[in-house]
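Engineer: Take a look at the following structure, please.
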Amino acid sequence: MGSSFFYARPLDENGEAAGGPGWLGTWSAWGETAATRFSGADGPLSLNGEVATATLGADSRWGRWHGGVALSHSEGQGVYTHPEAAGGAVTSTLTSLHPFARYELNDRTNLWGVLGYGSGALRLTPEGAETGIDADLATAMATFGGRGVFSVRSSRFGAFEFAVVSDARVSETVSDSVENLMGTTGATSRVRVMFEGSGSMPVAWGGVLRPSLEAGLRYDGGDAEFVVPTAGLGRLPRCHVSLFDSTLNLLIIKCPNHSEVTKMASNKWFGPTAGIVATAALLSPATETMAQEVASGTIEEIVVTAHRREENLLEIAESVSVISGADISRQNIKGLEDVGFLVPNLNLSTRLDGFPNVSVRGLGAFGNTQGVGFYLDDVQLFSDASSRFGDLERIEILKGPQGTLYGGSNIGGAVKFVSARPDSEDTFGRVKAVLGDQGVVDVEGSVNLRLGSEGWAMRAFGFSVTNDGYLSNPNPMRVNGLSGENDEDIGQTEESGVRISLAGPLGNNLSAYASVRTNDYEGPNNTWIRELDETSLSHPNTVPASINPRHERDTVSGMLELTWTLEGYDITSVTSYTSTESSRFTDLDQREEYLLSLFRPEDMDVMTQEIRFTSTAEGQFQWLGGVYYSEYEEKMDSDLIWYNTTILPSGNITGPLGCAAGMETCSGVWAGDNTLTLAQERDEITLTPFEKRMRDKSHLAAFINATYTVGDWEWSLGLRGDRWENDTFRFSTNHRANDGATEILPRISLTRWLSDSSMLYGTMSQGYEPGGFNVSEDVADELVGFDSEEAVSYEAGWKGRLMDGRMTASVAAFFVDYDRRQIETQIPTAGAALVELINNVGDSKQHGLEMDMSVALSDSLSATFSAGWIEADWDSGTTVITGGDAANPELKNIGGDVPPVTPDFSWSIAADYVRPMSGALSFIAGVQVSHNGKYTGLRLSDPEGLSVINPSFTLVSAQVGVTGDNWELALNVENLLDEDYYTDVQTFPDFFFLDGDADEIIVIGTLGQPQLVTASFSYFF
């Protein structure tokens, strides 16, 4: 129980602090008292008692800063008992001073820190003793953490706020050695992740009820050593502590040889469980048994190939996130957005035309610029990165420019899908079936076959999935009184794929790995949610299209990897070929009337070849080098489809196209005609060219990376020369343009090993995105080009293992200088046409922080937490086109604005629980919570320069199930709280013109997955 008071400096009518000197800011004083009872046991030793604490504090606010100081005094008393030794009483006092500070990153997120130092006294009174044993205490502590509000909801019952809090705390307490009592030095630590719910509810009789609830995960640990100062006893062996945790920290100290300690201290107060020391902190119970369980549940070492060789994740001098194959399977990670939700500062989703939308740390941009590279087994994916890749060993996310080892189109980073390779040791397989809401039927299977005794094996994976989706076409009545007959499930998808791989030796020092895959996809295309008010998004799930937009894509791909193992180095050759045929149909006006559509057939063929040389000998010097070539050929033959349109012999045009051209023959619904027949609406069509292009893009590169280790220091230097070329041909007008350049991409890193389990590092890296050409039929005389963009990134961080391997953690800070940023935009032209182009908007700067942490709380329970924060702005003088034409554009100054698609703050927390039951059964459960910060969407080029903010959102998913020897049954819930959100938004021209939208600008968004419940059954053989 407890009580408290709070006094704040009064405010004047302007909301400013009144009274007192101005430099005090907005200040307040407060106090609280608390009384706590504690009870615990550590084996045969039990301890019970109570603690009373009083605290006085004062604080003040200056802008985003909030700081103050608190003075605390605690008094505690308790009794301890042991069946084999005399018990007794323990009392303590402690007075401590705690300065603290908090900084608000934004209106929902803050970081804070607390320091503390205190002194007091401890008295132990053994049972039957006339006097107690007194010792002085001194303690110091530091706590750092953050709090983020992820949901604020209002209802008729009141307002409620939900937040997540994470902090880490360390403390050290010293007890003086006195006669009959050993001196002790103890260190404790705490890591905590908590969910908070609080609210305010008006009550009928007046006043306000403020309920609150906290729940979460917390780990506490500590150790100590002590010596007996009495002559003749000498130095005792090193001992460890487990922790009874209350306001009065109680360290239960255990030694490895109880009988020896008892004999040595038989004439002193010192039972078989050693001494009891009171310290000041906020802790939680942890018995010796629990401590032993946690110690055995260490975090496994994660091996990645981010730098084209196998390395420990914690030994790489840059930020790399990993999603394991077990997490991919258990959490049903199938799409790109599932990956993006788990990794802070990675904004990743699938565009509604089937291509990735991705930015890392604000690098890269949504739309037709790639920015971030996607890879499957070291082969870059250009045409179907959003395909489903199953039977994966892991997914690696490399943050920051990866130009040195990966070349162009990796300016923001790289996402690597690493498939499980054939295993020549055994034959095994797996089948998994998923059924659920939205008509989900998802079946996948994999099998690994051992082929003889010569080391060869084959692995096959296949899947088939159908999903009705969560979007609906209500087929509303058109102005002529007719309604469409489209399938109501406008978001229905069907996808299937097969991958077969083969691996084995071709000789004593030559091995091969070959893989062939196919993917067939049919689903919605650009089924955007259409909103009229960019300031208030409502997230409807209806798309009233005249014809359901569809996308069909077929991909066939193959790769061959050959590895020669020589003395001191390996030679690896990776060859790949991928062919994709795609056709996309879009209802551009996004409404029920037959007005304007777009058809985009596209063929893509990609060939890549890489040869790498990698050192394998042990030693201080390691190196890697190679050459790379890629060729990407693409053909696009797209047209705008104008309905109810006829070109007359006179050259005049009827229907919507005639209206767009400003002709007197304008007719149809834009002219107010509500008598059109179905045949007139659908059969009288005219095509105008939209993009008629052929592109040939190539890269030729050479690269080298070397690492040298001296003692605790490691230097790494990399360099890549990358020659890119782009040849573009618009075959509708016979216009051709080409461009190219050679980019030099360095990478430097320095690592300082603090111990075998932790390191500090600093890295500078550079990346680029090649230039190219816009193919717009509205610019008839030329192909408008755009330059390459470039980014230089500086990163410093720490990585390490803590708590005897039960925790891994990393912290990184980064700064990025981003030049000639490529941004996609749409420019409305005369009438109702559209120019879609990429241009170099300008330069920006961004900086931020990232944190990752994984903890094995026990053999059964593990948790992860990660967070990322970015601040970015355009350089002064940066402008964007808001109107005019190519010769005389109208510009708007956006210097100081935040660049698009740069979430300000994101975090993710997850917990997994596996507990053996009877026999071979085990209970499994998991929960994931991810928060995506708000960001500015892509901006249409319009006279008003309007933009739209995609609000922050928080998603919760959970799994629960049972496993046996060779099977698993699980229930999975995505978006447990049924949060409404968009994975991307942008402003867009209004091609409907019939709903009274005054500015003729709308917002289009990709609606995120609502709550989805599925059940899965897996069988292993």
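Convention: chains lettered A, B, ... in structure tokens order; per-chain residue numbering from 1; ligands numbered from 1 as shown.
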Excluding A:Ser793 and residues on its chain fewer than 5 positions from it, collect all residues at most 9 Å away from it, counting only C-alpha atoms, and give them as a ChimeraX atom specification.

Structural biologist: /A:400-401,763-767,814-818

Engineer: Name the residues in contact with A:Thr575 at a cut-off of 6 Å, using only C-alpha atoms, excluding same-chain residues fewer than 2 positions from it; report them as a ChimeraX atom specification.

Structural biologist: /A:559-560,608-609

Engineer: Quick one: residues within 8 Å of stretch 305-313 of chain A, only C-alpha atoms, excluding same-chain residues fewer than 3 positions away - as a ChimeraX atom specification?

Structural biologist: /A:301-302,316,320,396,398,405,614

Engineer: Calculated over only C-alpha atoms, which of the candidates A:Val929, A:Ile823, A:Leu376, A:Leu537 has the smallest distance to A:Ser788?

Structural biologist: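 Using only C-alpha atoms, A:Ser788 sits closest to A:Ile823.
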
Engineer: With only C-alpha atoms as the counted atoms, please give the residues lying no more than 12 Å from A:Ser538, apart from itself and same-chain residues fewer than 5 positions off, as a PDB file with N, CA and C atoms, in the first residue's frame.

Structural biologist:
```pdb
ATOM      1  N   ILE A 529      -7.422   1.387 -52.013  1.00  0.00           N
ATOM      2  CA  ILE A 529      -8.525   2.027 -51.309  1.00  0.00           C
ATOM      3  C   ILE A 529      -8.487   3.509 -51.650  1.00  0.00           C
ATOM      4  N   ARG A 530      -9.607   4.049 -52.016  1.00  0.00           N
ATOM      5  CA  ARG A 530      -9.708   5.415 -52.524  1.00  0.00           C
ATOM      6  C   ARG A 530     -10.337   6.291 -51.442  1.00  0.00           C
ATOM      7  N   GLU A 531      -9.595   7.329 -50.996  1.00  0.00           N
ATOM      8  CA  GLU A 531     -10.104   8.236 -49.981  1.00  0.00           C
ATOM      9  C   GLU A 531     -10.012   9.673 -50.490  1.00  0.00           C
ATOM     10  N   LEU A 532     -11.011  10.503 -50.112  1.00  0.00           N
ATOM     11  CA  LEU A 532     -11.078  11.873 -50.607  1.00  0.00           C
ATOM     12  C   LEU A 532     -10.415  12.879 -49.688  1.00  0.00           C
ATOM     13  N   ASP A 533     -10.292  12.570 -48.409  1.00  0.00           N
ATOM     14  CA  ASP A 533      -9.749  13.517 -47.437  1.00  0.00           C
ATOM     15  C   ASP A 533      -8.387  13.033 -46.966  1.00  0.00           C
ATOM     16  N   ASN A 950       0.745   8.813 -43.369  1.00  0.00           N
ATOM     17  CA  ASN A 950       0.283   7.481 -42.976  1.00  0.00           C
ATOM     18  C   ASN A 950       0.459   7.361 -41.470  1.00  0.00           C
ATOM     19  N   PRO A 951      -0.628   7.269 -40.689  1.00  0.00           N
ATOM     20  CA  PRO A 951      -0.492   7.257 -39.226  1.00  0.00           C
ATOM     21  C   PRO A 951       0.248   6.013 -38.738  1.00  0.00           C
ATOM     22  N   GLU A 979      -6.518  -4.095 -36.020  1.00  0.00           N
ATOM     23  CA  GLU A 979      -6.122  -2.710 -36.260  1.00  0.00           C
ATOM     24  C   GLU A 979      -6.315  -2.348 -37.733  1.00  0.00           C
ATOM     25  N   ASP A 980      -6.846  -1.155 -37.998  1.00  0.00           N
ATOM     26  CA  ASP A 980      -6.938  -0.643 -39.367  1.00  0.00           C
ATOM     27  C   ASP A 980      -5.646   0.090 -39.718  1.00  0.00           C
ATOM     28  N   TYR A 981      -5.076  -0.206 -40.890  1.00  0.00           N
ATOM     29  CA  TYR A 981      -3.827   0.452 -41.268  1.00  0.00           C
ATOM     30  C   TYR A 981      -3.595   0.302 -42.766  1.00  0.00           C
ATOM     31  N   TYR A 982      -2.743   1.172 -43.292  1.00  0.00           N
ATOM     32  CA  TYR A 982      -2.270   1.079 -44.665  1.00  0.00           C
ATOM     33  C   TYR A 982      -0.782   0.733 -44.644  1.00  0.00           C
ATOM     34  N   VAL A1003      -6.505  10.209 -52.171  1.00  0.00           N
ATOM     35  CA  VAL A1003      -5.485   9.390 -51.522  1.00  0.00           C
ATOM     36  C   VAL A1003      -5.738   7.943 -51.896  1.00  0.00           C
ATOM     37  N   ILE A1004      -4.696   7.250 -52.323  1.00  0.00           N
ATOM     38  CA  ILE A1004      -4.811   5.813 -52.553  1.00  0.00           C
ATOM     39  C   ILE A1004      -3.913   5.101 -51.543  1.00  0.00           C
ATOM     40  N   GLY A1005      -4.419   3.994 -51.023  1.00  0.00           N
ATOM     41  CA  GLY A1005      -3.661   3.266 -50.015  1.00  0.00           C
ATOM     42  C   GLY A1005      -3.812   1.768 -50.185  1.00  0.00           C
ATOM     43  N   LEU A1007      -4.520  -1.357 -48.208  1.00  0.00           N
ATOM     44  CA  LEU A1007      -5.080  -1.724 -46.914  1.00  0.00           C
ATOM     45  C   LEU A1007      -4.379  -2.958 -46.363  1.00  0.00           C
TER      46      LEU A1007
END
```

Engineer: Rounded to one decimal, what separation in Å do you get between atom CA of A:Ser419 and atom CA of A:Leu562?

Structural biologist: 16.7 Å

Engineer: Closest to A:Gly412 among A:Thr677, A:Ser1018, A:Ser359, A:Thr173, using only C-alpha atoms?

Structural biologist: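 Going through A:Thr677, A:Ser1018, A:Ser359, A:Thr173 one by one, the smallest distance to A:Gly412 is for A:Ser359.
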
Engineer: Using only C-alpha atoms, find the one residue out of A:Gly354, A:Asn840, A:Gly403, A:Ala58 that sits nearest to A:Gly721.

Structural biologist: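 So, comparing all the options, the nearest one is A:Gly403.
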
Engineer: Between A:His98, A:Arg478, A:His73, A:Arg361, single out the one closest to A:Glu681, counting only C-alpha atoms.

Structural biologist: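 Closest to A:Glu681 of all the choices is A:Arg478.
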
Engineer: Write out as a VMD selection string the residues lying within 7 Å of A:Asn486, counting only C-alpha atoms and excluding same-chain residues fewer than 5 positions away.

Structural biologist: chain A and resid 475 547 to 548

Engineer: Hey, what's within 8 Å of A:Pro476 if we count only C-alpha atoms and toss same-chain stuff fewer than 6 positions away? As a PDB file with N, CA, C and O atoms, in the first residue's frame, please?

Structural biologist:
```
ATOM      1  N   SER A 483     -25.698  -2.358 -62.905  1.00  0.00           N
ATOM      2  CA  SER A 483     -24.688  -2.736 -61.912  1.00  0.00           C
ATOM      3  C   SER A 483     -23.777  -3.801 -62.494  1.00  0.00           C
ATOM      4  O   SER A 483     -24.173  -4.580 -63.377  1.00  0.00           O
ATOM      5  N   GLY A 484     -22.542  -3.845 -61.979  1.00  0.00           N
ATOM      6  CA  GLY A 484     -21.584  -4.835 -62.436  1.00  0.00           C
ATOM      7  C   GLY A 484     -21.878  -6.219 -61.906  1.00  0.00           C
ATOM      8  O   GLY A 484     -22.654  -6.395 -60.955  1.00  0.00           O
ATOM      9  N   PRO A 544     -15.011  -0.365 -55.459  1.00  0.00           N
ATOM     10  CA  PRO A 544     -16.130  -0.489 -56.409  1.00  0.00           C
ATOM     11  C   PRO A 544     -15.688  -0.349 -57.853  1.00  0.00           C
ATOM     12  O   PRO A 544     -16.110   0.567 -58.571  1.00  0.00           O
ATOM     13  N   GLU A 592     -17.108   2.518 -60.256  1.00  0.00           N
ATOM     14  CA  GLU A 592     -17.974   1.599 -60.977  1.00  0.00           C
ATOM     15  C   GLU A 592     -18.222   1.979 -62.434  1.00  0.00           C
ATOM     16  O   GLU A 592     -18.615   1.130 -63.240  1.00  0.00           O
TER      17      GLU A 592
END
```

Engineer: Which of these, A:Pro903, A:Gly919, A:Gly785, A:Gly78, has the shortest distance to A:Lys934 once you count only C-alpha atoms?

Structural biologist: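 Going through A:Pro903, A:Gly919, A:Gly785, A:Gly78 one by one, the smallest distance to A:Lys934 is for A:Pro903.
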
Engineer: So, counting only C-alpha atoms, which residue among A:Arg459, A:Arg600, A:His735, A:His931 is closest to A:Ala867?

Structural biologist: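 Smallest distance to A:Ala867 is found for A:His931.
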
Engineer: Considering only C-alpha atoms, give me a table of residues in stretch 305-346 of chain A that are at most 10 Å from stretch 737-751 of chain A, with the closest atom pair and distance in Å for each, as JSON lines.

Structural biologist:
```
{"residue": "A:Glu315", "atom": "CA", "partner": "A:Thr751", "partner_atom": "CA", "distance": 9.0}
{"residue": "A:Ile316", "atom": "CA", "partner": "A:Thr751", "partner_atom": "CA", "distance": 9.0}
{"residue": "A:Ala317", "atom": "CA", "partner": "A:Ser749", "partner_atom": "CA", "distance": 6.7}
{"residue": "A:Glu318", "atom": "CA", "partner": "A:Ser749", "partner_atom": "CA", "distance": 8.6}
```

Engineer: Store the residues picked out above, limited to all heavy atoms, as a short mmCIF file (atom, residue, chain, number, x, y, z; two decimals), in the first residue's frame.

Structural biologist:
```cif
data_model
loop_
_atom_site.label_atom_id
_atom_site.label_comp_id
_atom_site.auth_asym_id
_atom_site.auth_seq_id
_atom_site.Cartn_x
_atom_site.Cartn_y
_atom_site.Cartn_z
N GLU A 315 29.70 -10.95 -34.80
CA GLU A 315 31.07 -10.57 -35.15
C GLU A 315 31.12 -9.75 -36.44
O GLU A 315 32.20 -9.52 -36.97
CB GLU A 315 31.93 -11.82 -35.27
CG GLU A 315 32.04 -12.60 -33.96
CD GLU A 315 32.86 -13.87 -34.11
OE1 GLU A 315 33.33 -14.15 -35.23
OE2 GLU A 315 33.03 -14.59 -33.11
N ILE A 316 29.97 -9.30 -36.94
CA ILE A 316 29.91 -8.52 -38.16
C ILE A 316 29.81 -7.04 -37.80
O ILE A 316 28.96 -6.65 -36.99
CB ILE A 316 28.71 -8.94 -39.02
CG1 ILE A 316 28.89 -10.39 -39.48
CG2 ILE A 316 28.56 -8.03 -40.22
CD1 ILE A 316 27.72 -10.91 -40.28
N ALA A 317 30.66 -6.22 -38.40
CA ALA A 317 30.73 -4.80 -38.05
C ALA A 317 29.68 -3.98 -38.79
O ALA A 317 30.00 -3.01 -39.49
CB ALA A 317 32.13 -4.28 -38.33
N GLU A 318 28.44 -4.34 -38.67
CA GLU A 318 27.32 -3.58 -39.20
C GLU A 318 26.04 -4.22 -38.68
O GLU A 318 26.04 -5.33 -38.13
CB GLU A 318 27.32 -3.53 -40.72
CG GLU A 318 27.09 -4.85 -41.40
CD GLU A 318 27.06 -4.71 -42.91
OE1 GLU A 318 26.15 -4.03 -43.42
OE2 GLU A 318 27.95 -5.25 -43.58
#
```
